[in-house]
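Everything on this sheet refers to the single structure shown next.
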Amino acid sequence: MTTQYLFVAGSIALLVASSAIAADDAALLKEALKIFQPLPKDTSGPGATPAKEQVVLGRLLFFDPRITAEGDVSCATCHRPALYGTDGRPTSIGVKQRPHPRNAPTIFNAALYSVIHWRGDRNDLEDQAEQALTGAVSSGLDERDVTDRLQRIEGYGPLFAAAFPTDSHPMTVKNMANAIVAYERTLLTRAPFDAYLAGNVDALSPAARRGLETFINMGCVACHNGVSVGGDMYRKFGIVEDYWSATGSRSIDRGRVEVTKNLDDLYVFRVPSLRNVAMTAPYFHDGSVAMLADAVRVMGRVQLGMKLGDAEINEIVSFLNSLTGDFPTEFAAPPVLPPASVTTHQR
Ligand code: HEC
Ligand code: HEC
């Protein structure tokens with residue numbers, strides 16, 4: 001009798017304890033839902049579903065090195081499958097070993113950002129792709145050379161015709177860019193954090209949930225919020241002290257001021273998305289910090305004037321790990337590219 005009573009009392013105590021945890025969890029989830037949104041199903045606006053043929057073509061172009069200066073660099077040279085769409089270098093190296101001054105971000109989920117590039121110097125993804133296809137570092141060819149090269153790869157003819165059926169001359173840099181962007185729009189990476197936002201509290205480990213709470217309470221969310229946990233605004237890097245005093249950056253990038261010529265934009269950069277951040281080292285616009293834990297420490301120090309403890313940093317990193325999404329299968333391996341000699345017509 002007594003044992004049974006004790007047993008029941010014990011279960012009630014347990015029940016009470018677990019429902020108390022559940023209440024905390026519910027409050028945290030409710031708070032998180034005010035700040036973040038889960039990944040959408042797709043990124044094409046209503047009625048604008050990209051043609052399948054454009055996605056197929058865009059994927060080929062993304063991986064094709066034959067349309068750059070020496071035939072050895074493609075988009076995938078700096079946005080590599082094995083490195084989650086980055087090149088793993090502090091700053092990129094392009095055609096003819098030309099250095100790029102900044103770090104290559106992943107192209108995953110880029111379709112969700114309202115600000116493109118570290119300094120916001122591109123209007124949208126289409127503009128980004130067009131300029132990358134003819135950029136001095138990423139291509140080394142001008143528009144005419146690019147389309148000349150493309151025309152010599154005969155296998156592309158039917159693919160362009162299928163992707164842009166109403167164009168009489170579809171092989172243009174603009175259409176190349178449109179096709180690449182149609183492909184990029186498919187590269188969304190659903191993460192455990194999305195399952196969490198959909199109501200599955202256990203999709204995040206207890207440590208990750210504590211990290212989320214710290215991330216909210218410390219004020220990281222003032223800048224890193226929304227569907228991309230960033231990607232939507234500009235902020236000064238180094239609000240409390242100069243960023244390079246914490247990152248050890250060797251050269252100092254003046255940031256967005258170079259784009260706008262407005263002195264208010266000195267050392268201002270795009271707040272990057274933190275989706276997949278655990279997979280995209282090294283960190284910051286110049287890749288000056290190698291480890292995620294150190295990047296978090298730098299953020300606490302230069303953006304918020306706080307010295308984060310190791311335990312807090314570890315919890316935040318646990319939370320950031322929950323932003324690593326499923327790897328898109330259509331990006332996993334390079335496709336077989338169209339041949340340059342298709343004998344469908346007589347010369
Ligand atoms: C030489 C390496 C290199 C090549 C080649 C290259 N990129 Fe990039 N990419 C970068 C770097 C570096 C940045 C960041 C530039 C900046 O912010 O100033 C970038 C940025 C981007 C972004 C914006 C991401 C963001 O978070 O804002 C997209 C999208 C992108 N590249 C797509 C492409 C496409 C498409 C191609 C091929 C047509 C391409 N890239 C070729 C290095 C490269
Ligand atoms: C006032 C705005 C602001 C706040 C607050 C802020 N960040 Fe950032 N964060 C930025 C900006 C801007 C960058 C880009 C800096 C650069 O490289 O130029 C950045 C970059 C990062 C990066 C590197 C991402 C990458 O891909 O290289 C991480 C990680 C990060 N922040 C985490 C945090 C954490 C954790 C907190 C809270 C402790 C935080 N941030 C608070 C604005 C902010």
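Residue numbering restarts at 1 in every chain; chains get A, B, ... in the order shown in the structure tokens, and ligands count up from 1 in that same order.
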
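For ligand 1, the neighbouring polymer residues at 6 Å or closer are Phe62, Val73, Ser74, Cys75, Thr77, Cys78, Ser92, Ile93, Gly94, His100, Arg102, Asn103, Ala104, Pro105, Ile107, Ala110, Ile116, His117, Trp118, Arg119, Leu125, Ala129, Ala132, Leu133, Val137 and Ser138 of chain A, only C-alpha atoms and all ligand atoms being used.
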
DSSP on the backbone, then: every residue of stretch 81-297 of chain A marked strand (DSSP E or B), written as a PyMOL selection string.
chain A and resi 86+93+99+116+122+234-236+255+268-270+283+289

Within 7 Å of ligand 2: each chain A residue with its shortest pair, only C-alpha atoms and all ligand atoms, as JSON lines:
{"residue": "A:Pro105", "atom": "CA", "partner": "ligand 2", "partner_atom_place_in_ligand_line": "26 (O)", "distance": 6.7}
{"residue": "A:Trp118", "atom": "CA", "partner": "ligand 2", "partner_atom_place_in_ligand_line": "18 (O)", "distance": 6.8}
{"residue": "A:Phe215", "atom": "CA", "partner": "ligand 2", "partner_atom_place_in_ligand_line": "37 (C)", "distance": 5.8}
{"residue": "A:Met218", "atom": "CA", "partner": "ligand 2", "partner_atom_place_in_ligand_line": "38 (C)", "distance": 6.1}
{"residue": "A:Gly219", "atom": "CA", "partner": "ligand 2", "partner_atom_place_in_ligand_line": "5 (C)", "distance": 5.6}
{"residue": "A:Cys220", "atom": "CA", "partner": "ligand 2", "partner_atom_place_in_ligand_line": "37 (C)", "distance": 3.5}
{"residue": "A:Val221", "atom": "CA", "partner": "ligand 2", "partner_atom_place_in_ligand_line": "5 (C)", "distance": 6.5}
{"residue": "A:Ala222", "atom": "CA", "partner": "ligand 2", "partner_atom_place_in_ligand_line": "5 (C)", "distance": 5.4}
{"residue": "A:Cys223", "atom": "CA", "partner": "ligand 2", "partner_atom_place_in_ligand_line": "2 (C)", "distance": 4.4}
{"residue": "A:His224", "atom": "CA", "partner": "ligand 2", "partner_atom_place_in_ligand_line": "7 (N)", "distance": 6.2}
{"residue": "A:Tyr234", "atom": "CA", "partner": "ligand 2", "partner_atom_place_in_ligand_line": "12 (C)", "distance": 6.3}
{"residue": "A:Arg235", "atom": "CA", "partner": "ligand 2", "partner_atom_place_in_ligand_line": "12 (C)", "distance": 4.7}
{"residue": "A:Lys236", "atom": "CA", "partner": "ligand 2", "partner_atom_place_in_ligand_line": "12 (C)", "distance": 5.6}
{"residue": "A:Phe237", "atom": "CA", "partner": "ligand 2", "partner_atom_place_in_ligand_line": "12 (C)", "distance": 4.8}
{"residue": "A:Ile239", "atom": "CA", "partner": "ligand 2", "partner_atom_place_in_ligand_line": "1 (C)", "distance": 6.9}
{"residue": "A:Val268", "atom": "CA", "partner": "ligand 2", "partner_atom_place_in_ligand_line": "12 (C)", "distance": 6.7}
{"residue": "A:Phe269", "atom": "CA", "partner": "ligand 2", "partner_atom_place_in_ligand_line": "18 (O)", "distance": 4.9}
{"residue": "A:Arg270", "atom": "CA", "partner": "ligand 2", "partner_atom_place_in_ligand_line": "12 (C)", "distance": 5.3}
{"residue": "A:Val271", "atom": "CA", "partner": "ligand 2", "partner_atom_place_in_ligand_line": "12 (C)", "distance": 4.0}
{"residue": "A:Pro272", "atom": "CA", "partner": "ligand 2", "partner_atom_place_in_ligand_line": "24 (C)", "distance": 5.7}
{"residue": "A:Ser273", "atom": "CA", "partner": "ligand 2", "partner_atom_place_in_ligand_line": "26 (O)", "distance": 6.8}
{"residue": "A:Leu274", "atom": "CA", "partner": "ligand 2", "partner_atom_place_in_ligand_line": "24 (C)", "distance": 6.0}
{"residue": "A:Val277", "atom": "CA", "partner": "ligand 2", "partner_atom_place_in_ligand_line": "26 (O)", "distance": 5.6}
{"residue": "A:Thr280", "atom": "CA", "partner": "ligand 2", "partner_atom_place_in_ligand_line": "26 (O)", "distance": 6.6}
{"residue": "A:Pro282", "atom": "CA", "partner": "ligand 2", "partner_atom_place_in_ligand_line": "27 (O)", "distance": 6.7}
{"residue": "A:Tyr283", "atom": "CA", "partner": "ligand 2", "partner_atom_place_in_ligand_line": "27 (O)", "distance": 3.5}
{"residue": "A:Phe284", "atom": "CA", "partner": "ligand 2", "partner_atom_place_in_ligand_line": "17 (O)", "distance": 3.1}
{"residue": "A:His285", "atom": "CA", "partner": "ligand 2", "partner_atom_place_in_ligand_line": "17 (O)", "distance": 3.8}
{"residue": "A:Asp286", "atom": "CA", "partner": "ligand 2", "partner_atom_place_in_ligand_line": "17 (O)", "distance": 6.6}
{"residue": "A:Gly287", "atom": "CA", "partner": "ligand 2", "partner_atom_place_in_ligand_line": "27 (O)", "distance": 6.9}
{"residue": "A:Leu292", "atom": "CA", "partner": "ligand 2", "partner_atom_place_in_ligand_line": "29 (C)", "distance": 6.0}
{"residue": "A:Ala295", "atom": "CA", "partner": "ligand 2", "partner_atom_place_in_ligand_line": "29 (C)", "distance": 5.1}
{"residue": "A:Val296", "atom": "CA", "partner": "ligand 2", "partner_atom_place_in_ligand_line": "35 (C)", "distance": 4.5}
{"residue": "A:Met299", "atom": "CA", "partner": "ligand 2", "partner_atom_place_in_ligand_line": "39 (C)", "distance": 4.9}
{"residue": "A:Gly300", "atom": "CA", "partner": "ligand 2", "partner_atom_place_in_ligand_line": "38 (C)", "distance": 4.2}
{"residue": "A:Gln303", "atom": "CA", "partner": "ligand 2", "partner_atom_place_in_ligand_line": "4 (C)", "distance": 5.2}
{"residue": "A:Leu304", "atom": "CA", "partner": "ligand 2", "partner_atom_place_in_ligand_line": "5 (C)", "distance": 5.9}
{"residue": "A:Ile316", "atom": "CA", "partner": "ligand 2", "partner_atom_place_in_ligand_line": "35 (C)", "distance": 6.3}

Restrict the calculation to only C-alpha atoms, then for each residue of stretch 30-77 of chain A with any atom at most 7 Å from an atom of stretch 180-184 of chain A give the closest atom pair and their distance in Å to one decimal, rows by chain and rising residue number, as CSV.
residue,atom,partner,partner_atom,distance
A:Pro50,CA,A:Ala182,CA,5.8
A:Gln54,CA,A:Ala182,CA,6.2
A:Val55,CA,A:Tyr183,CA,4.3
A:Gly58,CA,A:Ile180,CA,3.8
A:Arg59,CA,A:Tyr183,CA,5.8
A:Leu61,CA,A:Ile180,CA,6.8
A:Phe62,CA,A:Ile180,CA,6.4

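Nearest residue to A:Gly211 among A:Phe63, A:Leu320, A:Arg301, A:Ser139 is A:Leu320, counting only C-alpha atoms.
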
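Taking atom CA of A:Ala281 and atom CA of A:Ala179 as endpoints, the distance between them is 28.2 Å.
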
For A:Pro339: contacts at 12 Å, only C-alpha atoms, fewer than 4 positions along chain excluded, given as a PDB file with N, CA and C atoms, in the first residue's frame:
ATOM      1  N   LEU A  60      23.911  22.537 -65.349  1.00  0.00           N
ATOM      2  CA  LEU A  60      25.043  22.254 -66.248  1.00  0.00           C
ATOM      3  C   LEU A  60      25.970  23.465 -66.326  1.00  0.00           C
ATOM      4  N   ASP A  64      30.060  23.989 -65.449  1.00  0.00           N
ATOM      5  CA  ASP A  64      30.840  23.922 -66.686  1.00  0.00           C
ATOM      6  C   ASP A  64      32.034  24.879 -66.689  1.00  0.00           C
ATOM      7  N   ARG A  66      34.172  25.275 -69.094  1.00  0.00           N
ATOM      8  CA  ARG A  66      34.656  25.615 -70.440  1.00  0.00           C
ATOM      9  C   ARG A  66      34.317  27.038 -70.859  1.00  0.00           C
ATOM     10  N   LEU A 150      30.131  29.284 -75.711  1.00  0.00           N
ATOM     11  CA  LEU A 150      28.923  28.497 -75.494  1.00  0.00           C
ATOM     12  C   LEU A 150      28.451  27.890 -76.814  1.00  0.00           C
ATOM     13  N   GLN A 151      28.498  28.714 -77.868  1.00  0.00           N
ATOM     14  CA  GLN A 151      28.021  28.226 -79.166  1.00  0.00           C
ATOM     15  C   GLN A 151      28.874  27.081 -79.696  1.00  0.00           C
ATOM     16  N   ARG A 152      30.139  27.057 -79.297  1.00  0.00           N
ATOM     17  CA  ARG A 152      31.015  25.990 -79.775  1.00  0.00           C
ATOM     18  C   ARG A 152      30.742  24.657 -79.069  1.00  0.00           C
ATOM     19  N   ILE A 153      29.974  24.711 -77.980  1.00  0.00           N
ATOM     20  CA  ILE A 153      29.590  23.464 -77.304  1.00  0.00           C
ATOM     21  C   ILE A 153      28.201  23.095 -77.828  1.00  0.00           C
ATOM     22  N   GLU A 154      28.205  22.289 -78.865  1.00  0.00           N
ATOM     23  CA  GLU A 154      26.955  22.104 -79.615  1.00  0.00           C
ATOM     24  C   GLU A 154      25.821  21.507 -78.788  1.00  0.00           C
ATOM     25  N   GLY A 155      26.190  20.714 -77.801  1.00  0.00           N
ATOM     26  CA  GLY A 155      25.170  20.076 -76.979  1.00  0.00           C
ATOM     27  C   GLY A 155      24.257  21.064 -76.267  1.00  0.00           C
ATOM     28  N   TYR A 156      24.708  22.322 -76.146  1.00  0.00           N
ATOM     29  CA  TYR A 156      23.880  23.309 -75.438  1.00  0.00           C
ATOM     30  C   TYR A 156      22.703  23.815 -76.276  1.00  0.00           C
ATOM     31  N   GLY A 157      22.850  23.779 -77.608  1.00  0.00           N
ATOM     32  CA  GLY A 157      21.810  24.346 -78.475  1.00  0.00           C
ATOM     33  C   GLY A 157      20.404  23.901 -78.116  1.00  0.00           C
ATOM     34  N   PRO A 158      20.155  22.589 -78.163  1.00  0.00           N
ATOM     35  CA  PRO A 158      18.806  22.097 -77.854  1.00  0.00           C
ATOM     36  C   PRO A 158      18.368  22.408 -76.418  1.00  0.00           C
ATOM     37  N   LEU A 159      19.336  22.469 -75.522  1.00  0.00           N
ATOM     38  CA  LEU A 159      18.992  22.723 -74.114  1.00  0.00           C
ATOM     39  C   LEU A 159      18.511  24.164 -73.915  1.00  0.00           C
ATOM     40  N   THR A 343      26.795  15.753 -83.742  1.00  0.00           N
ATOM     41  CA  THR A 343      26.672  15.860 -85.199  1.00  0.00           C
ATOM     42  C   THR A 343      25.211  15.712 -85.626  1.00  0.00           C
ATOM     43  N   THR A 344      24.413  16.704 -85.213  1.00  0.00           N
ATOM     44  CA  THR A 344      23.006  16.655 -85.588  1.00  0.00           C
ATOM     45  C   THR A 344      22.771  17.395 -86.904  1.00  0.00           C
TER      46      THR A 344
END
